[in-house]
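Colleague: Quick one, structure_21.pdb (PDB, C-alpha atoms):
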MODEL        1
ATOM      1  CA  MET A 870      97.912 105.486  86.019
ATOM      2  CA  SER A 871      99.769 106.917  83.027
ATOM      3  CA  PHE A 872      98.789 106.322  79.405
ATOM      4  CA  GLU A 873     101.842 104.110  78.880
ATOM      5  CA  GLU A 874     101.068 101.982  81.950
ATOM      6  CA  LYS A 875      97.456 101.482  80.821
ATOM      7  CA  SER A 876      98.730 100.522  77.362
ATOM      8  CA  THR A 877     101.130  97.991  78.892
ATOM      9  CA  TRP A 878      98.288  96.438  80.895
ATOM     10  CA  ALA A 879      96.062  96.288  77.806
ATOM     11  CA  TYR A 880      98.728  94.705  75.616
ATOM     12  CA  SER A 881      99.684  92.064  78.187
ATOM     13  CA  VAL A 882      96.077  91.073  78.933
ATOM     14  CA  ILE A 883      95.191  90.857  75.220
ATOM     15  CA  ALA A 884      98.358  88.942  74.226
ATOM     16  CA  ILE A 885      98.032  86.422  77.059
ATOM     17  CA  ALA A 886      94.261  85.946  76.648
ATOM     18  CA  LEU A 887      94.493  85.298  72.914
ATOM     19  CA  ALA A 888      97.462  82.949  73.370
ATOM     20  CA  VAL A 889      95.538  80.952  75.980
ATOM     21  CA  ILE A 890      92.526  80.699  73.646
ATOM     22  CA  TYR A 891      94.734  79.720  70.691
ATOM     23  CA  PHE A 892      96.691  77.058  72.567
ATOM     24  CA  ALA A 893      93.492  75.669  74.138
ATOM     25  CA  LEU A 894      91.906  75.320  70.679
ATOM     26  CA  VAL A 895      94.945  73.948  68.868
ATOM     27  CA  LEU A 896      96.614  71.822  71.524
ATOM     28  CA  GLY A 897      93.182  70.532  72.523
ATOM     29  CA  GLN A 898      93.137  68.598  69.228
ATOM     30  CA  LEU A 899      96.358  66.708  70.025
ATOM     31  CA  PRO A 900      94.800  63.724  71.810
ATOM     32  CA  GLN A 901      92.663  62.903  68.759
ATOM     33  CA  THR A 902      94.827  64.183  65.882
ATOM     34  CA  ALA A 903      98.492  63.819  64.947
ATOM     35  CA  ALA A 904     100.414  67.112  65.192
ATOM     36  CA  GLY A 905     101.169  67.116  61.473
ATOM     37  CA  ASP A 906      97.468  66.894  60.606
ATOM     38  CA  ILE A 907      96.280  69.798  62.787
ATOM     39  CA  THR A 908      95.376  72.937  60.845
ATOM     40  CA  PHE A 909      97.072  75.554  62.977
ATOM     41  CA  GLN A 910      98.093  78.107  60.331
ATOM     42  CA  VAL A 911      94.834  80.054  60.112
ATOM     43  CA  PRO A 912      94.202  80.116  63.895
ATOM     44  CA  LEU A 913      97.823  81.204  64.490
ATOM     45  CA  VAL A 914      97.643  84.071  62.005
ATOM     46  CA  ALA A 915      94.216  84.994  63.398
ATOM     47  CA  ALA A 916      95.565  85.043  66.978
ATOM     48  CA  ILE A 917      98.527  87.261  66.005
ATOM     49  CA  GLY A 918      96.320  89.521  63.864
ATOM     50  CA  ALA A 919      93.707  89.803  66.613
ATOM     51  CA  THR A 920      96.418  90.654  69.158
ATOM     52  CA  ILE A 921      97.664  93.511  66.960
ATOM     53  CA  GLY A 922      94.152  94.715  66.112
ATOM     54  CA  LEU A 923      92.797  94.572  69.663
ATOM     55  CA  THR A 924      95.917  96.264  71.053
ATOM     56  CA  ILE A 925      95.436  99.174  68.625
ATOM     57  CA  LEU A 926      91.747  99.305  69.581
ATOM     58  CA  ALA A 927      92.636  99.270  73.296
ATOM     59  CA  HIS A 928      95.086 102.161  72.729
ATOM     60  CA  ILE A 929      92.289 104.150  71.085
ATOM     61  CA  VAL A 930      89.845 103.373  73.917
ATOM     62  CA  VAL A 931      92.438 104.328  76.565
ATOM     63  CA  ALA A 932      93.135 107.575  74.695
ATOM     64  CA  ILE A 933      89.417 108.426  74.415
ATOM     65  CA  ALA A 934      88.841 107.622  78.109
ATOM     66  CA  ALA A 935      91.599 110.025  79.201
ATOM     67  CA  PRO A 936      92.322 112.393  76.286
ATOM     68  CA  ASP A 937      94.586 114.676  78.358
ATOM     69  CA  ASP A 938      97.029 111.819  78.983
ATOM     70  CA  ALA A 939      96.840 110.343  75.475
ATOM     71  CA  GLY A 940     100.225 109.831  73.870
ATOM     72  CA  LYS A 941     102.116 111.418  76.769
ATOM     73  CA  ARG A 942     105.446 109.665  77.173
ATOM     74  CA  ASP A 943     108.199 111.031  79.365
ATOM     75  CA  GLN A 944     111.687 109.940  80.440
ATOM     76  CA  ARG A 945     110.363 107.546  83.079
ATOM     77  CA  ASP A 946     108.122 105.818  80.527
ATOM     78  CA  LYS A 947     111.081 105.471  78.146
ATOM     79  CA  ASP A 948     113.339 104.107  80.923
ATOM     80  CA  ILE A 949     110.732 101.566  82.036
ATOM     81  CA  ASN A 950     109.988 100.570  78.450
ATOM     82  CA  ARG A 951     113.700 100.044  77.723
ATOM     83  CA  TYR A 952     114.079  97.915  80.870
ATOM     84  CA  GLY A 953     111.020  95.797  80.006
ATOM     85  CA  GLU A 954     112.126  95.321  76.401
ATOM     86  CA  TYR A 955     115.588  94.273  77.615
ATOM     87  CA  VAL A 956     114.125  91.577  79.872
ATOM     88  CA  GLY A 957     111.672  90.528  77.139
ATOM     89  CA  GLY A 958     114.577  90.247  74.712
ATOM     90  CA  LEU A 959     116.501  88.020  77.103
ATOM     91  CA  VAL A 960     113.486  85.729  77.524
ATOM     92  CA  LEU A 961     112.977  85.628  73.755
ATOM     93  CA  GLY A 962     116.632  84.724  73.230
ATOM     94  CA  VAL A 963     116.429  81.811  75.635
ATOM     95  CA  ALA A 964     112.970  80.637  74.513
ATOM     96  CA  ALA A 965     113.971  80.779  70.827
ATOM     97  CA  THR A 966     116.489  77.992  71.391
ATOM     98  CA  VAL A 967     113.586  75.513  71.648
ATOM     99  CA  PRO A 968     112.260  75.990  68.068
ATOM    100  CA  LEU A 969     115.857  76.148  66.860
ATOM    101  CA  ILE A 970     116.571  72.750  68.378
ATOM    102  CA  LEU A 971     113.279  71.418  66.993
ATOM    103  CA  ALA A 972     114.216  72.694  63.516
ATOM    104  CA  LEU A 973     117.652  71.072  63.754
ATOM    105  CA  ALA A 974     115.948  67.847  64.788
ATOM    106  CA  GLU A 975     113.650  68.217  61.755
ATOM    107  CA  ALA A 976     110.542  68.224  63.925
ATOM    108  CA  ASP A 977     107.108  68.836  62.434
ATOM    109  CA  HIS A 978     106.325  72.438  61.379
ATOM    110  CA  PHE A 979     103.494  72.377  63.923
ATOM    111  CA  TRP A 980     105.913  72.229  66.848
ATOM    112  CA  ILE A 981     108.388  74.736  65.394
ATOM    113  CA  ALA A 982     105.710  77.347  64.609
ATOM    114  CA  ASN A 983     103.975  76.928  67.945
ATOM    115  CA  THR A 984     107.140  77.122  70.026
ATOM    116  CA  ILE A 985     108.110  80.318  68.161
ATOM    117  CA  TYR A 986     104.700  81.788  68.996
ATOM    118  CA  LEU A 987     105.084  80.619  72.601
ATOM    119  CA  ALA A 988     108.520  82.276  72.741
ATOM    120  CA  PHE A 989     106.958  85.574  71.570
ATOM    121  CA  ILE A 990     104.208  85.287  74.177
ATOM    122  CA  LEU A 991     106.664  84.462  76.992
ATOM    123  CA  SER A 992     108.795  87.427  75.919
ATOM    124  CA  ALA A 993     105.792  89.768  75.828
ATOM    125  CA  THR A 994     104.557  88.487  79.194
ATOM    126  CA  ALA A 995     107.948  88.816  80.908
ATOM    127  CA  GLY A 996     108.515  92.283  79.450
ATOM    128  CA  SER A 997     105.042  93.453  80.466
ATOM    129  CA  ILE A 998     105.349  92.083  84.012
ATOM    130  CA  VAL A 999     108.687  93.839  84.456
ATOM    131  CA  LYS A1000     107.217  97.116  83.177
ATOM    132  CA  ILE A1001     104.115  96.874  85.383
ATOM    133  CA  VAL A1002     106.201  96.038  88.468
ATOM    134  CA  ALA A1003     108.492  98.969  87.648
ATOM    135  CA  TYR A1004     105.484 101.295  87.353
ATOM    136  CA  ARG A1005     103.900 100.011  90.584
ATOM    137  CA  ARG A1006     106.890  99.324  92.861
ATOM    138  CA  GLY A1007     109.462 101.747  91.526
ATOM    139  CA  PHE A1008     112.338 101.884  89.130
TER
ATOM    140  CA  MET B 815     106.436 100.880 100.428
ATOM    141  CA  VAL B 816     109.516  99.910  98.456
ATOM    142  CA  ARG B 817     112.048 102.710  97.994
ATOM    143  CA  PRO B 818     114.379 101.576  95.217
ATOM    144  CA  THR B 819     116.294 104.862  95.208
ATOM    145  CA  ARG B 820     118.427 106.514  97.867
ATOM    146  CA  VAL B 821     117.678 109.914  96.397
ATOM    147  CA  THR B 822     115.566 111.917  98.818
ATOM    148  CA  ASN B 823     113.645 115.037  97.879
ATOM    149  CA  GLU B 824     111.781 118.034  99.207
ATOM    150  CA  ILE B 825     109.453 118.413  96.252
ATOM    151  CA  ARG B 826     106.264 118.072  98.262
ATOM    152  CA  ARG B 827     107.339 120.763 100.739
ATOM    153  CA  LEU B 828     108.514 123.040  97.913
ATOM    154  CA  ARG B 829     105.245 122.618  96.010
ATOM    155  CA  PHE B 830     103.246 123.731  99.018
ATOM    156  CA  ALA B 831     105.633 126.621  99.621
ATOM    157  CA  ASN B 832     105.097 127.700  96.009
ATOM    158  CA  ALA B 833     101.402 128.553  96.089
ATOM    159  CA  GLU B 834     100.424 124.917  96.652
ATOM    160  CA  MET B 835     101.507 123.943  93.187
ATOM    161  CA  THR B 836      99.868 120.674  92.108
ATOM    162  CA  GLN B 837     101.788 117.636  90.898
ATOM    163  CA  ALA B 838     100.134 118.056  87.498
ATOM    164  CA  GLU B 839     101.265 121.702  87.273
ATOM    165  CA  LEU B 840     104.834 120.778  88.126
ATOM    166  CA  GLY B 841     104.715 117.938  85.611
ATOM    167  CA  ASP B 842     103.445 120.278  82.899
ATOM    168  CA  ARG B 843     106.193 122.813  83.666
ATOM    169  CA  ILE B 844     108.969 120.258  83.052
ATOM    170  CA  GLY B 845     107.222 118.111  80.445
ATOM    171  CA  VAL B 846     106.556 114.931  82.413
ATOM    172  CA  THR B 847     103.390 113.196  83.552
ATOM    173  CA  ARG B 848     101.783 113.681  86.963
ATOM    174  CA  GLN B 849     102.527 110.012  87.660
ATOM    175  CA  THR B 850     106.248 110.644  87.234
ATOM    176  CA  ILE B 851     106.148 113.512  89.738
ATOM    177  CA  ILE B 852     104.295 111.224  92.185
ATOM    178  CA  ALA B 853     106.909 108.473  91.650
ATOM    179  CA  ILE B 854     109.778 110.921  92.271
ATOM    180  CA  GLU B 855     108.124 112.355  95.396
ATOM    181  CA  GLN B 856     107.586 108.859  96.808
ATOM    182  CA  GLY B 857     111.146 107.771  96.020
ATOM    183  CA  ARG B 858     110.008 105.219  93.448
ATOM    184  CA  TYR B 859     111.913 106.852  90.594
ATOM    185  CA  SER B 860     115.260 108.546  90.503
ATOM    186  CA  PRO B 861     115.067 111.417  87.992
ATOM    187  CA  SER B 862     117.789 112.116  85.455
ATOM    188  CA  LEU B 863     120.205 114.925  86.271
ATOM    189  CA  GLU B 864     118.558 117.087  83.619
ATOM    190  CA  MET B 865     115.092 116.521  85.069
ATOM    191  CA  ALA B 866     116.417 117.237  88.568
ATOM    192  CA  PHE B 867     117.815 120.579  87.390
ATOM    193  CA  GLN B 868     114.502 121.389  85.690
ATOM    194  CA  ILE B 869     112.584 120.715  88.927
ATOM    195  CA  ALA B 870     114.992 122.870  90.931
ATOM    196  CA  GLY B 871     114.623 125.559  88.249
ATOM    197  CA  VAL B 872     110.844 125.615  88.636
ATOM    198  CA  PHE B 873     111.212 126.330  92.360
ATOM    199  CA  GLY B 874     114.114 128.717  91.797
ATOM    200  CA  VAL B 875     116.385 126.965  94.286
ATOM    201  CA  PRO B 876     119.729 125.124  94.014
ATOM    202  CA  LEU B 877     119.661 121.431  93.185
ATOM    203  CA  ASP B 878     120.783 120.320  96.658
ATOM    204  CA  GLU B 879     117.852 122.135  98.209
ATOM    205  CA  VAL B 880     115.499 119.821  96.329
ATOM    206  CA  PHE B 881     117.440 116.566  96.287
ATOM    207  CA  GLY B 882     119.629 114.731  98.743
ATOM    208  CA  TYR B 883     121.375 111.404  98.769
ATOM    209  CA  VAL B 884     121.351 108.883 101.608
ATOM    210  CA  ASP B 885     124.670 107.082 101.495
ATOM    211  CA  SER B 886     124.094 104.199 103.957
ATOM    212  CA  GLU B 887     127.701 102.933 103.663
ATOM    213  CA  ALA B 888     129.096 106.341 104.562
ATOM    214  CA  THR B 889     126.709 106.772 107.484
ATOM    215  CA  THR B 890     127.404 103.322 108.947
ATOM    216  CA  SER B 891     131.202 103.492 108.628
TER
ENDMDL
END
Show me the file's structure as structure tokens.
Modeller:
Amino acid sequence: MSFEEKSTWAYSVIAIALAVIYFALVLGQLPQTAAGDITFQVPLVAAIGATIGLTILAHIVVAIAAPDDAGKRDQRDKDINRYGEYVGGLVLGVAATVPLILALAEADHFWIANTIYLAFILSATAGSIVKIVAYRRGF
Amino acid sequence: MVRPTRVTNEIRRLRFANAEMTQAELGDRIGVTRQTIIAIEQGRYSPSLEMAFQIAGVFGVPLDEVFGYVDSEATTS
């Protein structure tokens, strides 16, 4: 498995895991608390910050585990990355219409912020799946 | 095994004919990873024209001795 493929796996696992934890913690409060009263700002920033931090850490660990492959990126990696980012961008474009509609409808900030985060996660997940499938099955 | 490309190749045979060159050695010679050489050999990745010429250059043979193309429409018509 190439350095780039390992990095893709690490990023997707970290992004999805932290999103699941975040949504479980925040949305879990909905039955008892009104959306506007839930303190989601700090957990949201923490989830995004932890995703960035852990992804950097995972890159370092992957590089230490296989130093000969570290940072190696060839034409195939670039092609697969471009393809994955294209699909991720499409998903983001479609998913971003939800917070846009919510904003136009003057919905609570809670729903707008969380649907934007969900759109990012869906985009990252779709892009990563496409990249992993391309690495495994061919491109 | 899924073969998303119709480009066929003789890289494996040529590697063995050239002092049993490893996939890693070939990758190093043309500046790509071993995984990319494996993907090309297995028909999971169609290399760019430039990369194809580089591979042929390593073996010192013409491009069409390394790569072929299976045109199913032409063969069935």
Colleague: Report as JSON lines the residues of chain B within 10 Å of chain A, each with its shortest atom pair and distance in Å (one decimal), using only C-alpha atoms, ordered by chain and increasing residue number.
Modeller:
{"residue": "B:Met815", "atom": "CA", "partner": "A:Arg1006", "partner_atom": "CA", "distance": 7.7}
{"residue": "B:Val816", "atom": "CA", "partner": "A:Arg1006", "partner_atom": "CA", "distance": 6.2}
{"residue": "B:Arg817", "atom": "CA", "partner": "A:Gly1007", "partner_atom": "CA", "distance": 7.0}
{"residue": "B:Pro818", "atom": "CA", "partner": "A:Gly1007", "partner_atom": "CA", "distance": 6.2}
{"residue": "B:Thr819", "atom": "CA", "partner": "A:Phe1008", "partner_atom": "CA", "distance": 7.8}
{"residue": "B:Gly841", "atom": "CA", "partner": "A:Asp943", "partner_atom": "CA", "distance": 9.9}
{"residue": "B:Ile844", "atom": "CA", "partner": "A:Asp943", "partner_atom": "CA", "distance": 10.0}
{"residue": "B:Gly845", "atom": "CA", "partner": "A:Asp943", "partner_atom": "CA", "distance": 7.2}
{"residue": "B:Val846", "atom": "CA", "partner": "A:Asp943", "partner_atom": "CA", "distance": 5.2}
{"residue": "B:Thr847", "atom": "CA", "partner": "A:Asp943", "partner_atom": "CA", "distance": 6.7}
{"residue": "B:Arg848", "atom": "CA", "partner": "A:Ser871", "partner_atom": "CA", "distance": 8.1}
{"residue": "B:Gln849", "atom": "CA", "partner": "A:Ser871", "partner_atom": "CA", "distance": 6.2}
{"residue": "B:Thr850", "atom": "CA", "partner": "A:Arg945", "partner_atom": "CA", "distance": 6.6}
{"residue": "B:Ile851", "atom": "CA", "partner": "A:Arg945", "partner_atom": "CA", "distance": 9.9}
{"residue": "B:Ala853", "atom": "CA", "partner": "A:Gly1007", "partner_atom": "CA", "distance": 7.2}
{"residue": "B:Ile854", "atom": "CA", "partner": "A:Gly1007", "partner_atom": "CA", "distance": 9.2}
{"residue": "B:Gln856", "atom": "CA", "partner": "A:Gly1007", "partner_atom": "CA", "distance": 9.1}
{"residue": "B:Gly857", "atom": "CA", "partner": "A:Gly1007", "partner_atom": "CA", "distance": 7.7}
{"residue": "B:Arg858", "atom": "CA", "partner": "A:Gly1007", "partner_atom": "CA", "distance": 4.0}
{"residue": "B:Tyr859", "atom": "CA", "partner": "A:Phe1008", "partner_atom": "CA", "distance": 5.2}
{"residue": "B:Ser860", "atom": "CA", "partner": "A:Phe1008", "partner_atom": "CA", "distance": 7.4}
{"residue": "B:Pro861", "atom": "CA", "partner": "A:Arg945", "partner_atom": "CA", "distance": 7.8}
{"residue": "B:Ser862", "atom": "CA", "partner": "A:Gln944", "partner_atom": "CA", "distance": 8.2}
{"residue": "B:Met865", "atom": "CA", "partner": "A:Gln944", "partner_atom": "CA", "distance": 8.7}
Colleague: Would you kindly return, as JSON, numbers by chain, each protein, DNA or RNA residue with an atom no farther than 9 Å from any atom of segment 951-955 of chain A, considering only C-alpha atoms and excluding same-chain residues fewer than 2 positions away?
Modeller: {"A": [946, 947, 948, 949, 957, 958, 959, 960, 992, 993, 995, 996, 997, 998, 999, 1000, 1001, 1003]}
Colleague: For atom CA of Gln898 of chain A and atom CA of Ala982 of chain A, determine how far apart the two atoms are, in Å to one decimal place.
Modeller: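 According to the coordinates, atom CA of Gln898 of chain A and atom CA of Ala982 of chain A are separated by 16.0 Å.
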Colleague: Nearest residue to Thr822 of chain B out of B:Leu863, B:Ile852, B:Ala870, B:Val884, using only C-alpha atoms?
Modeller: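 Residue with the minimum atom-to-atom distance to Thr822 of chain B: B:Val884.
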Colleague: Could you write out as a ChimeraX atom specification the residues that the PyMOL selection byres ((chain B and resi 873) around 12) matches in the shown file?
Modeller: /B:824-835,840,843-844,866-872,874-877,879-880
Colleague: What would segment 919-935 of chain A look like with N, CA and C atoms in place, written as a JSON list (two decimals), in the frame of the given file?
Modeller:
[["chain", "number", "residue", "atom", "x", "y", "z"],
["A", 919, "ALA", "N", 94.65, 89.29, 65.61],
["A", 919, "ALA", "CA", 93.71, 89.80, 66.61],
["A", 919, "ALA", "C", 94.45, 90.51, 67.74],
["A", 920, "THR", "N", 95.62, 90.00, 68.11],
["A", 920, "THR", "CA", 96.42, 90.65, 69.16],
["A", 920, "THR", "C", 96.80, 92.07, 68.72],
["A", 921, "ILE", "N", 97.26, 92.19, 67.48],
["A", 921, "ILE", "CA", 97.66, 93.51, 66.96],
["A", 921, "ILE", "C", 96.44, 94.43, 66.88],
["A", 922, "GLY", "N", 95.36, 93.91, 66.29],
["A", 922, "GLY", "CA", 94.15, 94.72, 66.11],
["A", 922, "GLY", "C", 93.54, 95.17, 67.43],
["A", 923, "LEU", "N", 93.41, 94.23, 68.37],
["A", 923, "LEU", "CA", 92.80, 94.57, 69.66],
["A", 923, "LEU", "C", 93.69, 95.51, 70.48],
["A", 924, "THR", "N", 95.01, 95.37, 70.33],
["A", 924, "THR", "CA", 95.92, 96.26, 71.05],
["A", 924, "THR", "C", 95.77, 97.70, 70.53],
["A", 925, "ILE", "N", 95.65, 97.84, 69.21],
["A", 925, "ILE", "CA", 95.44, 99.17, 68.62],
["A", 925, "ILE", "C", 94.11, 99.74, 69.12],
["A", 926, "LEU", "N", 93.08, 98.88, 69.12],
["A", 926, "LEU", "CA", 91.75, 99.30, 69.58],
["A", 926, "LEU", "C", 91.80, 99.73, 71.06],
["A", 927, "ALA", "N", 92.51, 98.95, 71.87],
["A", 927, "ALA", "CA", 92.64, 99.27, 73.30],
["A", 927, "ALA", "C", 93.35, 100.62, 73.49],
["A", 928, "HIS", "N", 94.39, 100.87, 72.67],
["A", 928, "HIS", "CA", 95.09, 102.16, 72.73],
["A", 928, "HIS", "C", 94.11, 103.31, 72.46],
["A", 929, "ILE", "N", 93.26, 103.11, 71.45],
["A", 929, "ILE", "CA", 92.29, 104.15, 71.08],
["A", 929, "ILE", "C", 91.30, 104.37, 72.22],
["A", 930, "VAL", "N", 90.81, 103.27, 72.81],
["A", 930, "VAL", "CA", 89.84, 103.37, 73.92],
["A", 930, "VAL", "C", 90.48, 104.09, 75.12],
["A", 931, "VAL", "N", 91.73, 103.70, 75.44],
["A", 931, "VAL", "CA", 92.44, 104.33, 76.56],
["A", 931, "VAL", "C", 92.61, 105.82, 76.30],
["A", 932, "ALA", "N", 92.93, 106.16, 75.05],
["A", 932, "ALA", "CA", 93.14, 107.58, 74.69],
["A", 932, "ALA", "C", 91.84, 108.36, 74.79],
["A", 933, "ILE", "N", 90.73, 107.74, 74.36],
["A", 933, "ILE", "CA", 89.42, 108.43, 74.42],
["A", 933, "ILE", "C", 88.98, 108.60, 75.87],
["A", 934, "ALA", "N", 89.26, 107.57, 76.70],
["A", 934, "ALA", "CA", 88.84, 107.62, 78.11],
["A", 934, "ALA", "C", 89.57, 108.73, 78.88],
["A", 935, "ALA", "N", 90.82, 108.98, 78.52],
["A", 935, "ALA", "CA", 91.60, 110.02, 79.20],
["A", 935, "ALA", "C", 92.38, 110.82, 78.15]]
